[in-house]
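Written below as structure tokens is the structure these notes are about.
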Amino acid sequence: MEFVRRYETGAGWCPDNRGMAQQTASTAVEQSPSERPQRSPWLGFLLRRTVRLVVSLFALITFAFLIIHLVPGDPVRKALGLNASPELVSSIRAELGFDLPLWQQYLKYLGDLFSGNLGVSLASRLPVGETIGNLLPNTLLLAVIAFVVVMVIAVPLGMLMAVLTQNGRRRGVELSFTTVSIVVSAIPEFLLAVGLVYLFAVTNPWFPIAGMDGPASFVLPVAALALGPIAAMSRIVRVEALAVLGLDFIRTARAKRLPAWRIYLRHALPNALTATLTLSGLLLSGLVAGTVLVETIFAWPGLGPSLVSSILDNDYPLVQAIVLVYGGLVLLINFVVDILLGLADPRSTIKET
Amino acid sequence: MSSLEFRNLTVTFGRGEKTVVAVDAVSLVVPDRTVVGLVGESGSGKSTLARAAVGLVDARSGDILVDGQPATTGRRRRGGLQMVFQDPYSSLDPRMSIGASIAEALPSDVRRAERRGAVAELLEQVGLDPLLAPRMPSGLSGGQRQRIALARALAAEPAVLIADEITSALDVSVQGQVLNLLREVQRGLAMSVLFISHNLATVCYLSDIVAVMERGRIVEIGPTEQIVADPQHPYTRELLESAPRLGEKIDPEQLAVPD
Amino acid sequence: MSTTDIAEKMVDRAAARAGTGRGGLLRRLATSPLGMAALLVDLLLLLLVVFGPMIWGAAAEEFDVDNMNSPPTDGHLFGTDSLGRDILLRVLVATRLSIGLALGATAIGAVIGLLLGAIPAVAGPRVGRAVVAVVNVAVAFPGLLLALFFASIFGASPSGAMLALGVAFAPGFARLTQTLTAGVVGRDYVSAARVIGVGRLRIIGRHLLPNVADTLVVNISLSAGGALLAFAGLSFLGLGVQAPSYDWGRMLFDGLDGIYVNPAAALAPGLAIVLAGLALNLTGEVGAQLVGRRVGSARLPAKPATGAATSVADGPDGSPGADDLVLDLRGLTVSFPRGRGEKSVPVRGVDLRIARGEAVGILGESGSGKSLTAMSVARLVPDPARVDVQSLTFEGRDLSANTSRELRRMLGTTMSVVFQDLMSSFNPVMKVGRQLAEVATEHQGIGRRAALDRAIGRLRSVSISRAEQRALQYPHELSGGMRQRAMIAMGLMGSPTLLIADEPTTALDATVQRRVLQLIAGVRAAEQSALLLISHDVAVVAAMCDRILVMYAGRVVEDIPVDDLLAGPRHPYSRALLAAVPTIQTDRSQSLRTIEGRPPQPADYPIGCAFAERCAFASEKCQQDPVLEPIDNGSVACWHPQQGPVPGVVIDSPAVVSRQRATTATAGPVMPSHEPSRTRERGR
């Protein structure tokens with residue numbers, strides 16, 4: 001699972017940076033609170049994040065614009081094939097605005113974008129905006145359902161594992177849990193999808209093999225998307241929860257003689273969740289990316305197959321638009337997660353100032 | 001002759017509205033063969049002053065002079081400034097042998113053949129077995145590590161040594177060893193030392209002159225006996241009164257009555 | 001020192017250990033069974049990459065026209081594809097292309113990433129910040145998505161996909177490089193090297209790279225597994241390897257069409273992908289565990305533990321009767337399992353009795369067992385440690401039995417604990433007032449609103465200004481001294497009969513320390529509670545307590561009223577401790593009297609008196625365990641107890657001084673003074 005690697009490179013077993021919970025606890029010590037009242041750190045935080053989102057979106061738009069210009073050779077000739085008539089090629093060139101200087105093309109591209117005009121597909125000659133409007137909801141539905149399934153299963157599972165195996169208890173449980181989760185999370189979603197199709201659609205025809213048609217048709221695609229992340233996420237929740245359980249304020253809670261459930265749920269869980277929340281952005285983005293493959297396998301009427309075919313067909317207007325949509329989604333998800341994180345952990349708003 | 005002088009040194013962090021003045025127009029002289037103690041509480045700017053002296057932090061304005069000349073850091077030359085850091089566990093490269101760490105600091109004109117002998121001599125000087133040279137620092141105690149850090153600083157044959165909280169991470173029974181060692185080395189080499197600590201007692205014990213720092217400024221400076229016997233600045237008095245004395249009893253604070 | 005610091009140091013030490021052997025990583029990889037398996041599969045893959053196409057390359061292209069789309073048969077173990085080619089042979093031959101392309105993509109990613117990641121460390125701060133910002137945004141994108149984006153530029157071909165994937169992997173590597181180097185750059189040894197004048201390139205070569213290399217290498221191997229899977233995905237989508245070439249992803253794509261006819265055609269390449277991916281991942285994971293070995297396994301090599309001879313003596317005569325005792329602890333032993341049936345025993349047979357309202361201090365250095373003793377009393381020792389007591393009675397109740405709800409309630413309201421680390425001892429995401437109020441809602445059955453009011457009242461009583469507002473703030477918004485006050489106020493939510501304070505002022509400045517100590521003394525006076533104060537600072541303990549227990553190497557070596565301690569303790573260690581720390585009054589013309597060597601670690605506790613090897617009075621006899629014997633008003637565990645005032649120690653108390661004068665006549669030497677030049681520590 002890719003987001004696991006991101007987690008680990010950011011805060012995993014690197015000697016200097018062990019565990020997000022611990023990391024946040026220690027960085028906060030540096031903050032010397034000033035006595036004088038200051039303006040709410042929230043506003044500044046929100047502002048910085050919004051600026052970052054806008055700048056990133058702008059970079060993304062520019063990247064999408066540049067795709068067509070970075071392609072080696074003549075993109076129009078490539079898209080239309082060698083047999084296309086010179087007239088057709090030049091009319092398409094004109095349609096795409098290739099006659100203009102680059103900066104004018106860029107301005108035109110921006111203008112079109114903000115007026116909602118995403119251009120026309122070279123392959124189907126259909127307006128790109130319409131295609132995306134039809135397909136995007138199906139992709140989102142798949143990703144969001146998978147995300148909810150992952151969170152609902154992985155968080156309690158990881159927490160339970162942490163409580164069961166804390167302080168080196170139940171070595172057997174720990175070993176089998178980690179082994180299973182490593183193995184499962186190492187299987188990419190498209191392979192899981194193939195395996196699931198073979199088991200539950202071909203050998204035992206319990207679920208439809210393809211298409212989007214009723215609740216039963218969601219089972220296999222969602223399972224293919226969610227299984228790996230469940231394994232990886234629960235492992236991370238466990239590690240984070242264990243780190244939190246070793247922190248000093250848990251000892252304080254014990255010193256208050258609070259009942260165990262209260263220590264786990266009221267003190268450990270919220271702190272373990274902040275780290276989990278950071279990752280949920282990567283997780284959801286990863287699920288969105290995963291849909292590309294899973295939709296292709298299950299012939300799901302989403303954006304994924306269109307992205308693939310548009311790349312294969314060199315259908316650049318469609319590629320540009322879909323890159324924008326997926327990229328924008330990822331940026332938006334991260335923005336929302338950042339904001340949520342600011343709400344959940346009061347320190348994160350000042351941490352970076 | 002070896003002396004260190006700060007002239008109107010100012011160090012700031014951050015920009016615009018969030019600017020923090022860590023060191024505020026500080027002037028301070030560490031005269032030849034003298035130990036100047038710099039005492040202050042956390043956040044007073046004393047460590048920043050030290051880091052600015054050795055070039056780890058850029059000064060915003062002011063001068064740092066060694067023997068009257070602007071201090072140049074680095075170049076692996078004699079007669080500069082050297083520093084011993086607070087945390088003995090972080091100040092030695094875990095992947096480098098003790099000998100290599102010390103040898104790295106030797107002036108560049110020391111010949112290869114002489115280096116081994118120089119390292120052994122330095123280890124002897126800080127009271128360690130020269131046989132430790134090829135070892136990695138991982139198995140060593142805090143006290144041993146701090147001795148090695150001192151040997152490394154001495155290897156560069158500095159004009160002035162800056163010791164920044166060098167005993168605060170050590171065990172009680174080991175602190176005294178390191179303090180004694182620093183004193184012995186300072187006297188033996190007739191060196192100038194800027195000794196920085198939050199602990200007034202250690203500063204007074206070791207220093208000829210004590211400077212008291214509060215919120216980036218030096219609020220009082222004078223011979224140790226005078227500072228102890230007749231403090232002028234209210235903050236110095238507060239520090240002196242707060243310093244734990246053996247045999248006194250703490251007066252209980254009257255708790256406010258909860259309503 | 002905060003616990004996070006300690007943890008960091010432990011990790012640091014572990015990392016240091018990990019890096020001692022040259023090429024040690026591979027060797028250690030081979031010693032773990034999981035690593036062994038991973039290495040074996042790696043070797044197998046390597047053989048297939050090198051020899052696979054040579055041996056089976058031609059056979060894998062042979063058409064078997066009679067057996068097209070055949071399910072598994074004897075001739076074709078995994079059946080054939082639509083042209084009748086043998087699936088198994090093709091899977092084996094495809095190893096080279098699949099792995100080669102994955103490694104190529106990883107290499108591209110690693111090179112770009114390392115360069116990007118090194119920029120902030122090498123270039124100026126402005127360029128550095130810009131690169132960090134770009135990488136931070138890029139790293140939020142899933143690699144596959146980035147790869148698809150770039151594939152649209154580079155086109156659908158193996159080299160295009162490899163390039164796209166490499167570029168997609170780069171931000172991750174860049175981020176890792178940044179994180180790692182930033183961590184190392186902040187270390188004092190890099191600062192020290194800069195102060196020495198070591199050049200920038202040499203710092204990178206000698207200090208930065210060696211300290212991040214292991215982690216980077218391990219991560220690259222982890223990423224190779226990821227690249228393999230991702231490349232298979234791209235080929236599977238038709239964006240990677242194009243017919244007539246074939247890798248595992250392409251075969252999976254072709255096999256999926258015929259899944260009803262011959263499922264093996266899809267499952268065989270799938271299996272290959274999973275196996276190879278798993279092997280590469282495992283190699284990385286095991287390597288990661290070895291590099292990043294954490295606190296738990298970072299202990300020193302085991303030595304046989306000394307037989308924990310419990311030498312429990314009865315306390316001094318004239319100790320208060322059982323009725324007047326708040327706490328009665330007998331025969332406390334704390335041990336940690338060290339694996340292979342061995343254990344270390346950092347607390348070895350401690351007795352502790354505290355009378356109602358009495359203030360008892362435990363004085364000792366780190367590793368003496370003083371904090372573990374206090375935490376055992378509070379029943380807060382974390383789990384791998386094993387706490388054994390002969391008896392533990394608090395307020396007449398047996399605490400050694402299991403906790404009932406009712407007992408918990410009693411403890412929650414009568415025993416208060418004040419911890420050392422101010423920041424980390426509060427829950428960072430819960431408001432201060434709620435953390436106090438919790439005690440009342442949980443144990444005293446008070447509603448949330450009333451409990452919060454009570455918390456505000458308690459905050460006010462410890463002189464926290466604007467208590468109503470403070471109660472609604474988060475811990476990080478309070479200053480250090482204020483947090484310590486809030487922590488004490490938390491202990492005041494009930495009515496404590498025992499206050500346990502574990503190094504309550506160690507991290508505080510002297511001026512704040514004094515005020516916090518005054519507050520603790522105030523709480524004692526107001527609540528008539530007893531105090532158990534743990535500290536390494538003689539002056540603090542002496543200023544606060546009636547009686548002091550000096551601990552060394554897991555045992556109480558002396559139990560003495562505070563005035564007797566100041567006048568001149570009996571145990572050579574207590575005397576040395578008193579002399580070792582300078583105070584304002586210390587004579588500046590004299591060297592400090594130091595104790596040679598360092599305290600022994602729990603794994604190395606010797607038989608007999610643990611202090612003997614550092615003691616000037618040690619004799620043959622000291623190889624036997626000394627027993628805590630009553631002497632004067634206290635008791636001491638020493639074969640050669642000393643007496644008289646400790647030279648060089650100035651006591652600021654007229655009563656003590658006059659007592660000292662009375663005994664000076666019979667005073668012997670404290671410790672023969674050591675010339676500093678002879679205080680050499682020998683490396684063990």
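All residue names refer to the structure tokens as shown: chains lettered A, B, ... in order, residues numbered from 1 in each chain, ligands numbered from 1 in order.
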Next item on the list: Give me every alpha helix (DSSP H) residue in stretch 101-182 of chain B, going by DSSP on the backbone, as a ChimeraX atom specification.
Entry: /B:101-104,112-125,142-155,172-182
Notebook entry, point to check: Taking the backbone alone, and naming residues the way the document does, which bits of stretch 15-185 of chain B are strand (DSSP E) by DSSP, as a PyMOL selection string?
Noted result: chain B and resi 20-30+35-39+61-66+69-70+81-84+160-164
Closest atom pairs, chain C residues within 6 Å of chain B, only C-alpha atoms, as JSON lines:
```
{"residue": "C:Arg13", "atom": "CA", "partner": "B:Ser138", "partner_atom": "CA", "distance": 5.8}
{"residue": "C:Ala16", "atom": "CA", "partner": "B:Pro94", "partner_atom": "CA", "distance": 4.8}
{"residue": "C:Arg187", "atom": "CA", "partner": "B:Ser90", "partner_atom": "CA", "distance": 5.8}
{"residue": "C:Asp188", "atom": "CA", "partner": "B:Ser91", "partner_atom": "CA", "distance": 4.3}
{"residue": "C:Tyr189", "atom": "CA", "partner": "B:Ser91", "partner_atom": "CA", "distance": 4.0}
{"residue": "C:Val195", "atom": "CA", "partner": "B:Gly74", "partner_atom": "CA", "distance": 5.9}
{"residue": "C:Ile196", "atom": "CA", "partner": "B:Gly74", "partner_atom": "CA", "distance": 5.5}
{"residue": "C:Gly197", "atom": "CA", "partner": "B:Gly74", "partner_atom": "CA", "distance": 3.0}
{"residue": "C:Gly457", "atom": "CA", "partner": "B:Pro258", "partner_atom": "CA", "distance": 4.8}
{"residue": "C:Ser461", "atom": "CA", "partner": "B:Ala256", "partner_atom": "CA", "distance": 4.2}
{"residue": "C:Asp509", "atom": "CA", "partner": "B:Glu41", "partner_atom": "CA", "distance": 5.8}
{"residue": "C:Ala510", "atom": "CA", "partner": "B:Ser242", "partner_atom": "CA", "distance": 5.7}
{"residue": "C:Thr511", "atom": "CA", "partner": "B:Ser242", "partner_atom": "CA", "distance": 5.2}
{"residue": "C:Arg514", "atom": "CA", "partner": "B:Ser242", "partner_atom": "CA", "distance": 5.9}
{"residue": "C:Gln518", "atom": "CA", "partner": "B:Pro252", "partner_atom": "CA", "distance": 4.6}
{"residue": "C:Leu519", "atom": "CA", "partner": "B:Glu253", "partner_atom": "CA", "distance": 5.1}
{"residue": "C:Ala521", "atom": "CA", "partner": "B:Pro252", "partner_atom": "CA", "distance": 4.5}
{"residue": "C:Gly522", "atom": "CA", "partner": "B:Pro252", "partner_atom": "CA", "distance": 4.2}
{"residue": "C:Ala539", "atom": "CA", "partner": "B:Leu246", "partner_atom": "CA", "distance": 5.0}
{"residue": "C:Ala543", "atom": "CA", "partner": "B:Lys249", "partner_atom": "CA", "distance": 4.4}
{"residue": "C:Ala580", "atom": "CA", "partner": "B:Gly176", "partner_atom": "CA", "distance": 5.6}
{"residue": "C:Pro582", "atom": "CA", "partner": "B:Ala201", "partner_atom": "CA", "distance": 6.0}
{"residue": "C:Thr583", "atom": "CA", "partner": "B:Ala201", "partner_atom": "CA", "distance": 4.7}
{"residue": "C:Ile584", "atom": "CA", "partner": "B:Ala201", "partner_atom": "CA", "distance": 4.6}
{"residue": "C:Arg588", "atom": "CA", "partner": "B:Tyr205", "partner_atom": "CA", "distance": 5.3}
{"residue": "C:Leu592", "atom": "CA", "partner": "B:Gly176", "partner_atom": "CA", "distance": 6.0}
{"residue": "C:Thr594", "atom": "CA", "partner": "B:Gly176", "partner_atom": "CA", "distance": 5.5}
{"residue": "C:Ile595", "atom": "CA", "partner": "B:Ser173", "partner_atom": "CA", "distance": 6.0}
{"residue": "C:Ile651", "atom": "CA", "partner": "B:Leu246", "partner_atom": "CA", "distance": 5.3}
{"residue": "C:Asp652", "atom": "CA", "partner": "B:Gly247", "partner_atom": "CA", "distance": 4.8}
{"residue": "C:Ser653", "atom": "CA", "partner": "B:Gly247", "partner_atom": "CA", "distance": 5.0}
{"residue": "C:Arg680", "atom": "CA", "partner": "B:Gly127", "partner_atom": "CA", "distance": 4.6}
{"residue": "C:Glu681", "atom": "CA", "partner": "B:Leu128", "partner_atom": "CA", "distance": 5.9}
{"residue": "C:Arg682", "atom": "CA", "partner": "B:Asp129", "partner_atom": "CA", "distance": 6.0}
```
Taking only residues of chain B that have an atom at most 10 Å from an atom of chain A, what is each one's shortest atom pair and its distance in Å to one decimal, using only C-alpha atoms, in chain and number order, as JSON lines?
```
{"residue": "B:Gly14", "atom": "CA", "partner": "A:Thr353", "partner_atom": "CA", "distance": 9.7}
{"residue": "B:Lys18", "atom": "CA", "partner": "A:Thr353", "partner_atom": "CA", "distance": 9.2}
{"residue": "B:Gly43", "atom": "CA", "partner": "A:Ser32", "partner_atom": "CA", "distance": 9.0}
```
Dump of N, CA, C and O atoms for the selected residues, as a PDB file, in the first residue's frame:
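Everything below was put into out-v9.pdb:
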```pdb
ATOM      1  N   GLY B  14      12.824  34.816  12.929  1.00  0.00           N
ATOM      2  CA  GLY B  14      11.524  35.118  12.339  1.00  0.00           C
ATOM      3  C   GLY B  14      11.543  36.449  11.621  1.00  0.00           C
ATOM      4  O   GLY B  14      12.511  37.203  11.675  1.00  0.00           O
ATOM      5  N   LYS B  18       6.296  38.497  13.572  1.00  0.00           N
ATOM      6  CA  LYS B  18       6.647  37.426  14.495  1.00  0.00           C
ATOM      7  C   LYS B  18       8.107  37.482  14.921  1.00  0.00           C
ATOM      8  O   LYS B  18       8.629  36.526  15.486  1.00  0.00           O
ATOM      9  N   GLY B  43      15.304  30.398  27.542  1.00  0.00           N
ATOM     10  CA  GLY B  43      14.738  31.464  26.733  1.00  0.00           C
ATOM     11  C   GLY B  43      15.389  32.812  26.950  1.00  0.00           C
ATOM     12  O   GLY B  43      14.968  33.806  26.375  1.00  0.00           O
TER      13      GLY B  43
END
```
Proximal residues of chain C relative to chain A (only C-alpha atoms; 6 Å) as a compact mmCIF listing (two decimals) with N, CA, C and O atoms, in the first residue's frame:
```
# COMPACT_ATOMS: atom_id res chain seq x y z
N VAL C 11 16.78 5.39 20.62
CA VAL C 11 16.75 5.07 19.20
C VAL C 11 18.10 5.42 18.58
O VAL C 11 18.65 4.69 17.77
N PRO C 142 -1.13 10.14 -5.22
CA PRO C 142 -0.79 8.72 -5.31
C PRO C 142 0.12 8.49 -6.52
O PRO C 142 -0.08 9.09 -7.58
N LEU C 145 -1.40 7.59 -9.88
CA LEU C 145 -2.06 8.71 -10.56
C LEU C 145 -1.01 9.57 -11.26
O LEU C 145 -1.16 9.92 -12.44
N SER C 152 0.68 10.00 -19.99
CA SER C 152 0.00 10.68 -21.08
C SER C 152 0.98 11.55 -21.87
O SER C 152 0.74 11.86 -23.03
N ILE C 153 2.09 11.92 -21.23
CA ILE C 153 3.11 12.68 -21.96
C ILE C 153 4.09 11.74 -22.65
O ILE C 153 4.37 11.87 -23.83
N LEU C 176 11.61 11.72 1.75
CA LEU C 176 12.36 10.89 2.70
C LEU C 176 13.76 11.46 2.93
O LEU C 176 14.22 11.59 4.06
N GLY C 183 16.72 15.71 9.99
CA GLY C 183 16.92 15.14 11.32
C GLY C 183 18.39 15.14 11.70
O GLY C 183 18.76 15.46 12.83
N VAL C 274 2.53 -11.14 -7.16
CA VAL C 274 2.40 -11.09 -5.70
C VAL C 274 3.66 -11.62 -5.02
O VAL C 274 4.19 -11.01 -4.09
N GLY C 292 15.87 0.21 12.09
CA GLY C 292 15.16 1.07 13.03
C GLY C 292 14.83 0.39 14.33
O GLY C 292 13.94 0.81 15.02
N ASP C 383 3.69 -2.33 31.86
CA ASP C 383 3.49 -3.76 31.94
C ASP C 383 4.66 -4.73 31.80
O ASP C 383 4.71 -5.68 32.55
N PRO C 384 5.58 -4.55 30.91
CA PRO C 384 6.57 -5.64 30.84
C PRO C 384 7.32 -5.78 32.15
O PRO C 384 7.87 -6.84 32.44
N ARG C 408 -10.33 1.64 43.37
CA ARG C 408 -9.87 2.61 42.40
C ARG C 408 -10.37 4.01 42.77
O ARG C 408 -9.65 4.99 42.69
N GLY C 412 -8.13 7.14 43.60
CA GLY C 412 -8.28 8.32 42.75
C GLY C 412 -8.49 9.59 43.53
O GLY C 412 -8.17 10.67 43.05
N SER C 424 4.14 16.55 28.34
CA SER C 424 3.61 15.27 27.87
C SER C 424 2.71 14.62 28.91
O SER C 424 2.09 13.61 28.62
N SER C 425 2.63 15.16 30.10
CA SER C 425 1.79 14.54 31.11
C SER C 425 0.33 14.98 31.02
O SER C 425 -0.51 14.50 31.76
N PHE C 426 0.07 15.92 30.13
CA PHE C 426 -1.33 16.29 29.88
C PHE C 426 -1.74 15.77 28.50
O PHE C 426 -0.93 15.75 27.58
N ASN C 427 -2.99 15.37 28.41
CA ASN C 427 -3.52 14.95 27.12
C ASN C 427 -3.59 16.18 26.21
O ASN C 427 -4.29 17.14 26.52
N VAL C 429 -4.97 16.91 23.44
CA VAL C 429 -6.17 17.30 22.70
C VAL C 429 -7.38 17.46 23.61
O VAL C 429 -8.52 17.48 23.14
N GLU C 477 -1.17 25.72 25.56
CA GLU C 477 -1.36 27.16 25.66
C GLU C 477 -0.92 27.69 27.03
O GLU C 477 -0.98 28.90 27.26
N SER C 479 2.00 28.03 30.16
CA SER C 479 3.46 28.01 30.32
C SER C 479 3.85 26.83 31.21
O SER C 479 3.01 26.22 31.87
```
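Note that atom CA of C:Phe253 and atom CA of A:Trp300 are 16.4 Å apart.
The space separating atom CA of A:Val222 from atom CA of A:Ala146 comes to 5.2 Å.
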Next item on the list: Report the distance between atom CA of B:Glu5 and atom CA of C:Ser191 in Å, rounded to one decimal place.
Entry: 21.6 Å
If we count only C-alpha atoms, what is near stretch 325-338 of chain C at a cut-off of 7 Å, once residues fewer than 4 positions away on the same chain are taken out, given as a compact mmCIF listing (two decimals) with N, CA, C and O atoms, in the first residue's frame?
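The resulting file, selection.txt, is reproduced below:
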```
# COMPACT_ATOMS: atom_id res chain seq x y z
N VAL C 312 16.01 -7.79 53.23
CA VAL C 312 15.07 -6.84 53.80
C VAL C 312 15.23 -6.81 55.31
O VAL C 312 15.07 -7.82 55.99
N PRO C 320 6.82 4.69 63.44
CA PRO C 320 5.45 4.83 63.90
C PRO C 320 4.67 3.53 63.75
O PRO C 320 4.97 2.71 62.89
N GLY C 321 3.72 3.34 64.59
CA GLY C 321 2.91 2.14 64.56
C GLY C 321 2.08 2.07 63.31
O GLY C 321 1.92 3.06 62.60
N GLU C 342 15.88 -14.49 30.98
CA GLU C 342 16.64 -13.65 31.88
C GLU C 342 15.86 -12.38 32.19
O GLU C 342 14.92 -12.02 31.50
N LYS C 343 16.29 -11.72 33.27
CA LYS C 343 15.63 -10.47 33.61
C LYS C 343 16.63 -9.54 34.28
O LYS C 343 17.63 -9.98 34.82
N SER C 344 16.35 -8.25 34.19
CA SER C 344 17.16 -7.33 34.96
C SER C 344 16.30 -6.83 36.11
O SER C 344 15.09 -6.73 36.00
N VAL C 345 16.94 -6.55 37.22
CA VAL C 345 16.21 -6.21 38.44
C VAL C 345 16.64 -4.84 38.93
O VAL C 345 17.55 -4.72 39.73
N PRO C 346 16.00 -3.78 38.43
CA PRO C 346 16.44 -2.43 38.81
C PRO C 346 16.03 -2.00 40.22
O PRO C 346 16.59 -1.04 40.74
N VAL C 347 15.06 -2.67 40.84
CA VAL C 347 14.74 -2.38 42.24
C VAL C 347 14.81 -3.69 43.01
O VAL C 347 14.15 -4.66 42.65
N ARG C 348 15.64 -3.71 44.06
CA ARG C 348 15.93 -5.00 44.72
C ARG C 348 15.64 -4.91 46.21
O ARG C 348 16.50 -4.59 47.00
N GLY C 349 14.41 -5.18 46.58
CA GLY C 349 14.08 -5.28 47.99
C GLY C 349 14.06 -3.95 48.72
O GLY C 349 14.92 -3.66 49.54
N VAL C 350 13.09 -3.13 48.39
CA VAL C 350 12.99 -1.82 49.04
C VAL C 350 11.82 -1.82 50.02
O VAL C 350 10.73 -2.29 49.70
N ASP C 351 12.06 -1.29 51.21
CA ASP C 351 11.00 -1.07 52.19
C ASP C 351 10.74 0.43 52.29
O ASP C 351 11.69 1.21 52.26
N LEU C 352 9.48 0.79 52.43
CA LEU C 352 9.18 2.22 52.52
C LEU C 352 7.96 2.41 53.40
O LEU C 352 6.90 1.83 53.13
N ARG C 353 8.11 3.16 54.47
CA ARG C 353 6.98 3.44 55.36
C ARG C 353 6.83 4.94 55.48
O ARG C 353 7.82 5.65 55.70
N ILE C 354 5.64 5.42 55.29
CA ILE C 354 5.41 6.86 55.40
C ILE C 354 4.30 7.09 56.43
O ILE C 354 3.21 6.53 56.30
N ALA C 355 4.62 7.90 57.43
CA ALA C 355 3.64 8.20 58.47
C ALA C 355 2.67 9.25 57.96
O ALA C 355 2.96 9.97 57.00
N ARG C 356 1.52 9.34 58.61
CA ARG C 356 0.52 10.34 58.23
C ARG C 356 1.14 11.73 58.29
O ARG C 356 1.74 12.11 59.30
N PRO C 384 5.58 -4.55 30.91
CA PRO C 384 6.57 -5.64 30.84
C PRO C 384 7.32 -5.78 32.15
O PRO C 384 7.87 -6.84 32.44
N ALA C 385 7.31 -4.71 32.96
CA ALA C 385 7.98 -4.80 34.25
C ALA C 385 7.14 -5.64 35.20
O ALA C 385 5.92 -5.63 35.15
N ARG C 386 7.83 -6.38 36.05
CA ARG C 386 7.14 -7.20 37.02
C ARG C 386 7.39 -6.63 38.40
O ARG C 386 8.54 -6.44 38.80
N VAL C 387 6.31 -6.31 39.10
CA VAL C 387 6.44 -5.72 40.44
C VAL C 387 6.06 -6.78 41.47
O VAL C 387 4.97 -7.33 41.43
N ASP C 388 6.99 -7.10 42.37
CA ASP C 388 6.69 -8.04 43.45
C ASP C 388 6.84 -7.33 44.78
O ASP C 388 7.82 -6.61 45.00
N VAL C 389 5.87 -7.53 45.65
CA VAL C 389 6.00 -6.97 46.99
C VAL C 389 5.67 -8.05 48.01
O VAL C 389 4.92 -8.99 47.72
N GLN C 390 6.27 -7.91 49.19
CA GLN C 390 5.83 -8.78 50.28
C GLN C 390 4.48 -8.26 50.78
O GLN C 390 3.56 -9.03 50.99
N SER C 391 4.41 -6.93 50.93
CA SER C 391 3.11 -6.35 51.24
C SER C 391 3.11 -4.89 50.82
O SER C 391 4.17 -4.24 50.82
N LEU C 392 1.94 -4.40 50.42
CA LEU C 392 1.80 -3.00 50.07
C LEU C 392 0.47 -2.52 50.62
O LEU C 392 -0.59 -2.94 50.16
N THR C 393 0.54 -1.70 51.66
CA THR C 393 -0.68 -1.23 52.30
C THR C 393 -0.75 0.28 52.21
O THR C 393 0.23 0.98 52.51
N PHE C 394 -1.88 0.80 51.76
CA PHE C 394 -2.08 2.23 51.69
C PHE C 394 -3.39 2.55 52.39
O PHE C 394 -4.42 1.96 52.07
N GLU C 395 -3.36 3.44 53.37
CA GLU C 395 -4.55 3.77 54.14
C GLU C 395 -5.18 2.51 54.70
O GLU C 395 -6.40 2.35 54.69
```
Note to self: Can you pull out the residues contacting C:Arg409? Cut-off 12 Å, using only C-alpha atoms, and skip same-chain residues under 2 positions away; I want them as a ChimeraX atom specification.
What the structure shows: /A:254-259 /C:403-407,411-415,439-445,494-495
Note to self: as a list in words, please: the residues near A:Val163 (cut-off 10 Å, only C-alpha atoms, same-chain neighbours under 4 positions excluded).
What the structure shows: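 Using only C-alpha atoms, the neighbours found are Gly158, Met159, Asn167, Arg169, Arg238, Ala241, Leu242, Leu245 and Tyr264 of chain A.
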Residue contacts of A:Ala321 (8 Å, only C-alpha atoms) excluding same-chain residues fewer than 3 positions away, as a short mmCIF file (atom, residue, chain, number, x, y, z; two decimals) with C-alpha atoms, in the first residue's frame:
```cif
data_model
loop_
_atom_site.label_atom_id
_atom_site.label_comp_id
_atom_site.auth_asym_id
_atom_site.auth_seq_id
_atom_site.Cartn_x
_atom_site.Cartn_y
_atom_site.Cartn_z
CA ALA A 64 -2.60 19.98 -17.52
CA LEU A 118 -13.39 21.84 -21.25
CA VAL A 128 -15.55 16.70 -22.47
CA PRO A 317 -8.49 17.39 -24.47
CA LEU A 318 -10.00 14.48 -22.55
CA LEU A 324 -7.53 18.17 -13.79
CA VAL A 325 -10.40 16.31 -12.18
#
```
